[in-house]
Amino acid sequence: MLLEFKNVMPFPLKDYKHDDTSVWKSEFAIEFPKKVLLNANSGKGKSTFVNTVYGLRKDYVGTVLLNGSPIDTLSIHDWIELRRTKLSAIFQDLQLFPELNVWENLTLKNQLTSHKTEAEMEAMLSLLGIGDKKYQKCGTLSLGQQQRVAIIRALLQPFELLLMDEPFSHLDEGNAKIALDLISAETDLNGGGFVLTSLGSYHGYTYDHELKL
Amino acid sequence: MLKKILFRDSKNFQFIFATAGALIGLTALLLSLQLIMDVQSFHSNEEELFGPNSVVIQKKVTKLTTIGMNSTEFSPTDIQSLKDKEFITDVAPFKSADFKVGISEVEGDGLPHFYADMFFQAIPSRFMDINVDWEWNEESEFIPIVLPRDFIMIINYGFAQSQGINQISEELLMAARLTIYIDGNGKKTQMIGRVVGFSHKISSILVPESFLTHANGIYGNGEIKNPSRIFITTKDNSYGELDDLMDEMNLDINKSAIDVAKIKTIIAVVIGIFGIASVLIMLLSLLGFVQYSQLVLSKASYEIKTLLRLGYSIKSIVNTFIKQLSITFGIITISAIAIMFIVKLFVVNTWLENNGINIEGSSLVTTIIVAILCFGLFIVSNYLNIKKTVNKLGDA
C-alpha cells in the first residue's frame with residue numbers, strides 16, 4: 001500500500017510553526033510493508049495524522065493519497081471495505097464497547113472477518129496477560145487492560161497498514177514490549193506494515209522509517 | 001450481538017407510547033374500514049330488485065291538477081332537463097299500457113276466486129336487478145309481473161276480510177298463475193301471468209317492456225302519451241341534490257325507498273369521520289415511531305460510528321434496526337387485526353343481532369391488505385429514516 005502526503009495541513013494546526021522535517025505541509029510517500037514510527041510531543045497532531053489517514057477527519061488542505069487515489073474521493077462504502085480488508089487501527093480512545101465483555105468485543109470484529117480461530121484469540125489474550133478477563137465487561141477493566149483488548153481487536157483482520165495511536169500509553173515497558181512483538185509478528189504474517197505514534201519512546205524496537213511532526 | 005449493542009436500554013416510555021399509539025390507531029383504522037364495508041354490504045330486498053340508487057319520481061297532484069289546469073305528465077323538455085342533471089345517471093319514463101287490463105285467478109292453482117281491473121306499466125329491464133326471467137317474447141309461457149308490496153296487504157287485510165275470502169301468502173301468489181284479460185282497439189284476449197316479485201319502491205304493476213310494446217301494438221289505439229312517472233338512477237350519496245330537484249320540479253317521491261340508502265350513507269359518513277381520526281392517530285403514531293427510532297439511533301450513535309470504523313457495513317446496521325422494528329410492528333399489526341376481528345365478532349355483530357339487523361358481513365381480505373400496506377408504509381418510512389441517519393453518522 002502506498003501512502004502519499006502532498007502539502008497536507010490540518011486546519012487546527014495551521015498556526016503552529018512546523019519543522020522542515022514535519023509531515024505537515026510537505027511531500028512524502030511510504031510504500032508499505034514498512035514499520036514506521038511517528039514520534040512527536042503532545043499537540044503536534046499525532047492523532048490528527050492517524051484519524052486523517054483512517055478517513056475520520058476531513059478538515060485539512062492538501063492531498064492524502066492511498067494507492068494513488070485521493071482519499072477524499074472515497075465513499076463511506078469504500079472506507080468500510082478498506083477498514084475490513086486493508087486498513088486497521090488502534091485509537092487513542094480505544095473505541096471499545098464498554099457494556100460488552102472482552103470476548104464479545106473481540107468476536108464482534110472476528111465474526112466480520114473470520115481472520116482468527118478462537119484458540120488463536122485466546123492465545124493472544126493469554127500472551128498479553130488478560131486471559132482471565134475474557135468474560136469481564138470492558139467498561140470495568142483498567143485502561144491498560146482495555147488497551148490490550150483494543151490491540152488484539154486490531155489484529156483480528158487482514159491489513160496492509162495498521163495505524164496505532166499511542167497504543168502503549170497505559171502499559172509498562174515490559175508489557176509494551178510483549179505487545180509490540182505480537183503486533184510486529186502479526187504484521188509480518190499479514191505482509192503489511194504499521195505506523196506507530198509515540199511520545200518519544202522507541203519501546204526497544206528498531207523501525208524501518210521514522211516520521212516527524 | 002449487533003442487536004445487543006444497538007438496542008441498549010431502548011425499551012422506554014417513548015417506545016411504550018409509540019407502540020400503544022400504533023396499536024390503537026391501526027386497530028381503529030381497520031375496525032372503521034371493516035365496518036364501512038359491512039354497512040355497504042347491507043342490502044334490503046328492494047335494492048336487490050332495482051339497485052341501490054334508483055327512485056321513482058312523479059309530479060305532485062294538486063288542486064289545479066284535479067280541475068284540469070295542471071298536468072302531471074313529463075314533457076320531453078322535462079325529461080331532457082332530468083337527463084342533463086349531473087347527479088342523475090339514468091332516466092327512464094314509465095311506459096303505460098294503452099288498453100284495459102283485468103286479472104283473475106287460474107282455477108285449481110290455489111287462489112280464491114277474484115277479479116280486478118288493473119293497469120300495466122313497464123320500465124327498461126336494465127333497471128331490474130331481479131334474479132328471475134324478466135324476458136318476454138311471444139313464445140313465453142307467462143307474463144312476468146312485479147306487484148307493489150302494499151297490494152298483497154290490501155288484499156289480505158282489507159279485501160279478503162270484507163269479502164270473506166282466504167288470505168294469500170306471498171309464496172302462494174308467486175306460485176300461482178293468473179289469468180290476464182286484455183281489451184282494447186276492438187280486440188279481446190286472455191293470457192297467463194305470474195308474479196315474480198314485490199316492490200316497495202314502485203307503486204305500479206310492472207310487466208316487461210317487450211310485452212308492453214308488443215301488446216300496445218295490437219290492442220292500443222296508437223295515441224302517444226307523455227309519461228307521468230319516471231324511473232331515475234342517481235349517483236351515490238346525492239340525496240341533497242335529489243331533495244333540491246324535488247322542490248324545484250314540484251316532485252313527489254317515495255321517500256321510504258331511499259331511507260335505507262340514506263341511513264347507510266349517514267352511518268358510512270360517521271364511521272368515515274372515525275376512520276379519518278384513526279388515520280390521523282396512525283400517522284401520529286408513525287411519527288412517534290420514527291422519533292423513537294431516531295432516539296435509539298442517537299443513543300447508539302457512538303456504537304454505530306464504532307461499528308462502521310470496525311468495518312461493519314451500513315446495510316448490516318440498518319438491517320439490524322429494521323429487523324427489530326419489523327418484529328415490533330408485525331406484532332402490532334397482527335394484534336390490531338385480532339382485536340378488530342374480536343370487536344367485530346363479539347361486540348358489533350352481537351349488537352346488530354340483538355337489534356334485529358342482519359348484515360351478511362364482508363370479507364376480511366381488504367382489511368388485512370390495508371393492514372399489510374400500513375405495515376409496509378411503516379417499515380419503508382423507518383427504513384429511509386434509519387438509512388439516512390446511519391449514513392450521516394458514517395460520514396461524520
# chains A, B, ... in the order shown; residues from 1 in each chain; ligands from 1
>>> interface_residues(of="chain A", to="chain B", cutoff="9 Å", atoms="only C-alpha atoms", output="list in words")
Tyr54, Leu56, Arg57, Ser75, Ile76, His77, Trp79, Ile80, Glu81, Leu82, Arg83, Arg84, Thr85, Ser88, Ala89, Gln95, Leu96, Phe97, Glu99, Leu100, Glu104, Leu108, Lys109, Leu112, Thr113 and Ala154 of chain A
>>> write_last_selection(atoms="C-alpha atoms", output="tab-separated table (two decimals), in the first residue's frame")
chain	number	residue	atom	x	y	z
A	54	TYR	CA	-8.10	6.40	8.56
A	56	LEU	CA	-12.22	10.04	10.07
A	57	ARG	CA	-11.04	13.64	9.69
A	75	SER	CA	-17.23	6.93	-0.36
A	76	ILE	CA	-18.28	5.65	3.05
A	77	HIS	CA	-18.73	2.23	1.44
A	79	TRP	CA	-13.88	3.20	3.55
A	80	ILE	CA	-15.84	0.38	5.18
A	81	GLU	CA	-14.37	-2.08	2.66
A	82	LEU	CA	-10.84	-0.71	3.26
A	83	ARG	CA	-11.26	-0.94	7.05
A	84	ARG	CA	-12.35	-4.55	6.77
A	85	THR	CA	-9.58	-5.74	4.46
A	88	SER	CA	-6.67	-1.47	10.72
A	89	ALA	CA	-6.37	0.93	13.63
A	95	GLN	CA	-13.34	2.71	20.99
A	96	LEU	CA	-14.33	-0.48	22.73
A	97	PHE	CA	-17.93	-1.33	23.66
A	99	GLU	CA	-21.08	-2.89	28.02
A	100	LEU	CA	-19.74	-5.93	26.13
A	104	GLU	CA	-17.68	-10.18	22.83
A	108	LEU	CA	-17.68	-8.70	17.15
A	109	LYS	CA	-14.67	-7.95	14.97
A	112	LEU	CA	-16.89	-9.93	10.44
A	113	THR	CA	-13.50	-11.03	9.10
A	154	ALA	CA	-6.99	-4.53	15.68
>>> select_by_dssp(residues="segment 20-255 of chain B", states="helix (DSSP H, G or I)", output="ChimeraX atom specification")
/B:20-40,45-50,63-66,76-84,125-127,149-163,170-175,209-219,239-249,255
>>> residues_around(residues="Phe74 of chain B", least_positions_apart="5", cutoff="7 Å", atoms="only C-alpha atoms", output="VMD selection string")
chain B and resid 79 226 to 228
>>> write_last_selection(atoms="N, CA and C atoms", output="short mmCIF file (atom, residue, chain, number, x, y, z; two decimals), in the first residue's frame")
data_model
loop_
_atom_site.label_atom_id
_atom_site.label_comp_id
_atom_site.auth_asym_id
_atom_site.auth_seq_id
_atom_site.Cartn_x
_atom_site.Cartn_y
_atom_site.Cartn_z
N ILE B 79 -88.04 15.82 -19.38
CA ILE B 79 -87.19 14.62 -19.38
C ILE B 79 -85.75 14.98 -19.74
N ASN B 226 -97.54 11.40 -23.02
CA ASN B 226 -96.34 11.69 -22.23
C ASN B 226 -96.38 10.86 -20.94
N PRO B 227 -95.22 10.41 -20.46
CA PRO B 227 -95.23 9.61 -19.24
C PRO B 227 -95.53 10.47 -18.02
N SER B 228 -96.10 9.87 -16.98
CA SER B 228 -96.35 10.62 -15.76
C SER B 228 -95.43 10.16 -14.63
#
>>> residues_around(residues="Leu297 of chain B", least_positions_apart="3", cutoff="10 Å", atoms="only C-alpha atoms", output="PyMOL selection string")
chain B and resi 6-7+10+291-294+300-304+321+386+389-390+393
>>> residues_around(residues="Pro98 of chain A", least_positions_apart="2", cutoff="10 Å", atoms="only C-alpha atoms", output="ChimeraX atom specification")
/A:95-96,100-102,105,136-141,146 /B:5
>>> select_by_dssp(residues="segment 1-222 of chain B", states="strand (DSSP E or B)", output="PyMOL selection string")
chain B and resi 54-59+88-93+95-96+100-105+115-118+121-122+143-148+177-184+187-199+206
>>> closest_residue(among="A:Glu160, A:Asp93, A:Lys44, A:Leu2", to="Ser22 of chain A", atoms="only C-alpha atoms")
A:Lys44
>>> closest_atom_pairs(of="segment 20-67 of chain A", to="segment 4-14 of chain A", cutoff="8 Å", atoms="only C-alpha atoms", output="Markdown table")
| residue | atom | partner | partner_atom | distance |
| --- | --- | --- | --- | --- |
| A:Val23 | CA | A:Phe5 | CA | 7.6 |
| A:Trp24 | CA | A:Met9 | CA | 5.4 |
| A:Lys25 | CA | A:Asn7 | CA | 4.1 |
| A:Ser26 | CA | A:Asn7 | CA | 4.7 |
| A:Glu27 | CA | A:Lys6 | CA | 4.6 |
| A:Phe28 | CA | A:Phe5 | CA | 5.5 |
| A:Ala29 | CA | A:Glu4 | CA | 4.2 |
| A:Ile30 | CA | A:Glu4 | CA | 6.5 |
| A:Lys44 | CA | A:Leu13 | CA | 7.6 |
| A:Gly45 | CA | A:Leu13 | CA | 7.4 |
| A:Thr48 | CA | A:Pro10 | CA | 7.7 |
| A:Asp59 | CA | A:Pro10 | CA | 5.8 |
| A:Tyr60 | CA | A:Pro10 | CA | 3.9 |
| A:Val61 | CA | A:Met9 | CA | 5.3 |
| A:Gly62 | CA | A:Val8 | CA | 4.2 |
| A:Thr63 | CA | A:Lys6 | CA | 5.1 |
| A:Val64 | CA | A:Phe5 | CA | 4.8 |
| A:Leu65 | CA | A:Glu4 | CA | 5.0 |
| A:Leu66 | CA | A:Glu4 | CA | 6.6 |
>>> write_last_selection(atoms="C-alpha atoms", output="PDB file, in the first residue's frame")
ATOM      1  CA  VAL A  23       4.972  15.576   7.646  1.00  0.00           C
ATOM      2  CA  TRP A  24       2.677  18.608   7.619  1.00  0.00           C
ATOM      3  CA  LYS A  25       2.987  20.994   4.707  1.00  0.00           C
ATOM      4  CA  SER A  26       5.477  18.735   2.935  1.00  0.00           C
ATOM      5  CA  GLU A  27       5.555  15.902   0.465  1.00  0.00           C
ATOM      6  CA  PHE A  28       6.395  12.315   1.278  1.00  0.00           C
ATOM      7  CA  ALA A  29       5.480   8.793   0.197  1.00  0.00           C
ATOM      8  CA  ILE A  30       5.825   5.488   2.046  1.00  0.00           C
ATOM      9  CA  LYS A  44       1.716  18.226  17.280  1.00  0.00           C
ATOM     10  CA  GLY A  45      -1.051  16.222  15.561  1.00  0.00           C
ATOM     11  CA  THR A  48      -4.829  14.000  13.637  1.00  0.00           C
ATOM     12  CA  ASP A  59     -10.545  19.146   7.990  1.00  0.00           C
ATOM     13  CA  TYR A  60      -7.303  19.700   6.093  1.00  0.00           C
ATOM     14  CA  VAL A  61      -5.928  21.261   2.943  1.00  0.00           C
ATOM     15  CA  GLY A  62      -3.643  19.377   0.582  1.00  0.00           C
ATOM     16  CA  THR A  63      -3.983  15.828  -0.675  1.00  0.00           C
ATOM     17  CA  VAL A  64      -3.637  12.443   1.002  1.00  0.00           C
ATOM     18  CA  LEU A  65      -3.410   9.515  -1.403  1.00  0.00           C
ATOM     19  CA  LEU A  66      -3.787   5.795  -0.785  1.00  0.00           C
TER      20      LEU A  66
END
>>> atom_distance(atom1="atom CA of Ala150 of chain A", atom2="atom CA of Pro167 of chain A")
8.4 Å
>>> closest_residue(among="B:Leu82, B:Phe159, B:Lys63, B:Phe211", to="Tyr115 of chain B", atoms="only C-alpha atoms")
B:Phe159
>>> residues_around(residues="segment 238-242 of chain B", least_positions_apart="4", cutoff="8 Å", atoms="only C-alpha atoms", output="compact mmCIF listing (two decimals) with N, CA and C atoms, in the first residue's frame")
# COMPACT_ATOMS: atom_id res chain seq x y z
N PHE B 87 -76.03 14.66 -11.42
CA PHE B 87 -76.06 13.56 -10.46
C PHE B 87 -76.97 12.42 -10.89
N THR B 234 -79.53 7.59 -9.52
CA THR B 234 -78.65 8.71 -9.17
C THR B 234 -77.28 8.18 -8.79
N MET B 246 -86.54 17.89 -6.16
CA MET B 246 -87.94 17.67 -5.83
C MET B 246 -88.67 18.99 -5.60
N LYS B 262 -80.09 6.15 2.49
CA LYS B 262 -79.73 7.37 3.21
C LYS B 262 -79.06 7.03 4.55
>>> closest_residue(among="A:Met1, A:Ile130, A:Leu199, A:Leu106", to="Ser142 of chain A", atoms="only C-alpha atoms")
A:Ile130
>>> atom_distance(atom1="atom CA of Leu286 of chain B", atom2="atom CA of Asn382 of chain B")
8.7 Å
>>> residues_around(residues="segment 18-28 of chain B", least_positions_apart="4", cutoff="6 Å", atoms="only C-alpha atoms", output="list of chain:residue names")
B:Ser278, B:Ile281, B:Met282, B:Ser285, B:Gly288, B:Phe289, B:Ile332, B:Ala336, B:Met340
>>> write_last_selection(atoms="N, CA and C atoms", output="PDB file, in the first residue's frame")
ATOM      1  N   SER B 278     -58.836   7.952  12.918  1.00  0.00           N
ATOM      2  CA  SER B 278     -57.890   6.865  13.193  1.00  0.00           C
ATOM      3  C   SER B 278     -56.685   6.916  12.251  1.00  0.00           C
ATOM      4  N   ILE B 281     -54.464   9.271  13.956  1.00  0.00           N
ATOM      5  CA  ILE B 281     -53.780   8.615  15.081  1.00  0.00           C
ATOM      6  C   ILE B 281     -52.640   7.752  14.541  1.00  0.00           C
ATOM      7  N   MET B 282     -52.951   7.032  13.451  1.00  0.00           N
ATOM      8  CA  MET B 282     -51.939   6.162  12.822  1.00  0.00           C
ATOM      9  C   MET B 282     -50.708   6.973  12.429  1.00  0.00           C
ATOM     10  N   SER B 285     -48.783   8.078  15.358  1.00  0.00           N
ATOM     11  CA  SER B 285     -48.010   7.002  15.968  1.00  0.00           C
ATOM     12  C   SER B 285     -46.827   6.636  15.079  1.00  0.00           C
ATOM     13  N   GLY B 288     -44.376   9.013  15.925  1.00  0.00           N
ATOM     14  CA  GLY B 288     -43.842   8.598  17.224  1.00  0.00           C
ATOM     15  C   GLY B 288     -42.786   7.525  17.056  1.00  0.00           C
ATOM     16  N   PHE B 289     -43.063   6.600  16.164  1.00  0.00           N
ATOM     17  CA  PHE B 289     -42.113   5.508  15.960  1.00  0.00           C
ATOM     18  C   PHE B 289     -40.846   5.982  15.258  1.00  0.00           C
ATOM     19  N   ILE B 332     -47.655  -5.626  16.396  1.00  0.00           N
ATOM     20  CA  ILE B 332     -48.717  -4.612  16.468  1.00  0.00           C
ATOM     21  C   ILE B 332     -49.768  -4.883  15.396  1.00  0.00           C
ATOM     22  N   ALA B 336     -53.577  -5.836  16.029  1.00  0.00           N
ATOM     23  CA  ALA B 336     -54.650  -4.940  15.584  1.00  0.00           C
ATOM     24  C   ALA B 336     -55.691  -5.726  14.790  1.00  0.00           C
ATOM     25  N   MET B 340     -59.475  -6.144  16.049  1.00  0.00           N
ATOM     26  CA  MET B 340     -60.541  -5.728  15.133  1.00  0.00           C
ATOM     27  C   MET B 340     -61.533  -6.865  14.947  1.00  0.00           C
TER      28      MET B 340
END
>>> closest_residue(among="B:Ala176, B:Ile339, B:Val61, B:Leu384", to="Ile322 of chain B", atoms="only C-alpha atoms")
B:Leu384
>>> closest_residue(among="A:Thr206, A:Thr21, A:Asn51, A:Gln157", to="Asn110 of chain A", atoms="only C-alpha atoms")
A:Gln157
>>> closest_residue(among="B:Ala160, B:Ile88, B:Leu35, B:Ile379", to="Thr233 of chain B", atoms="only C-alpha atoms")
B:Ile88
>>> atom_distance(atom1="atom CA of Pro148 of chain B", atom2="atom CA of Glu170 of chain B")
11.4 Å
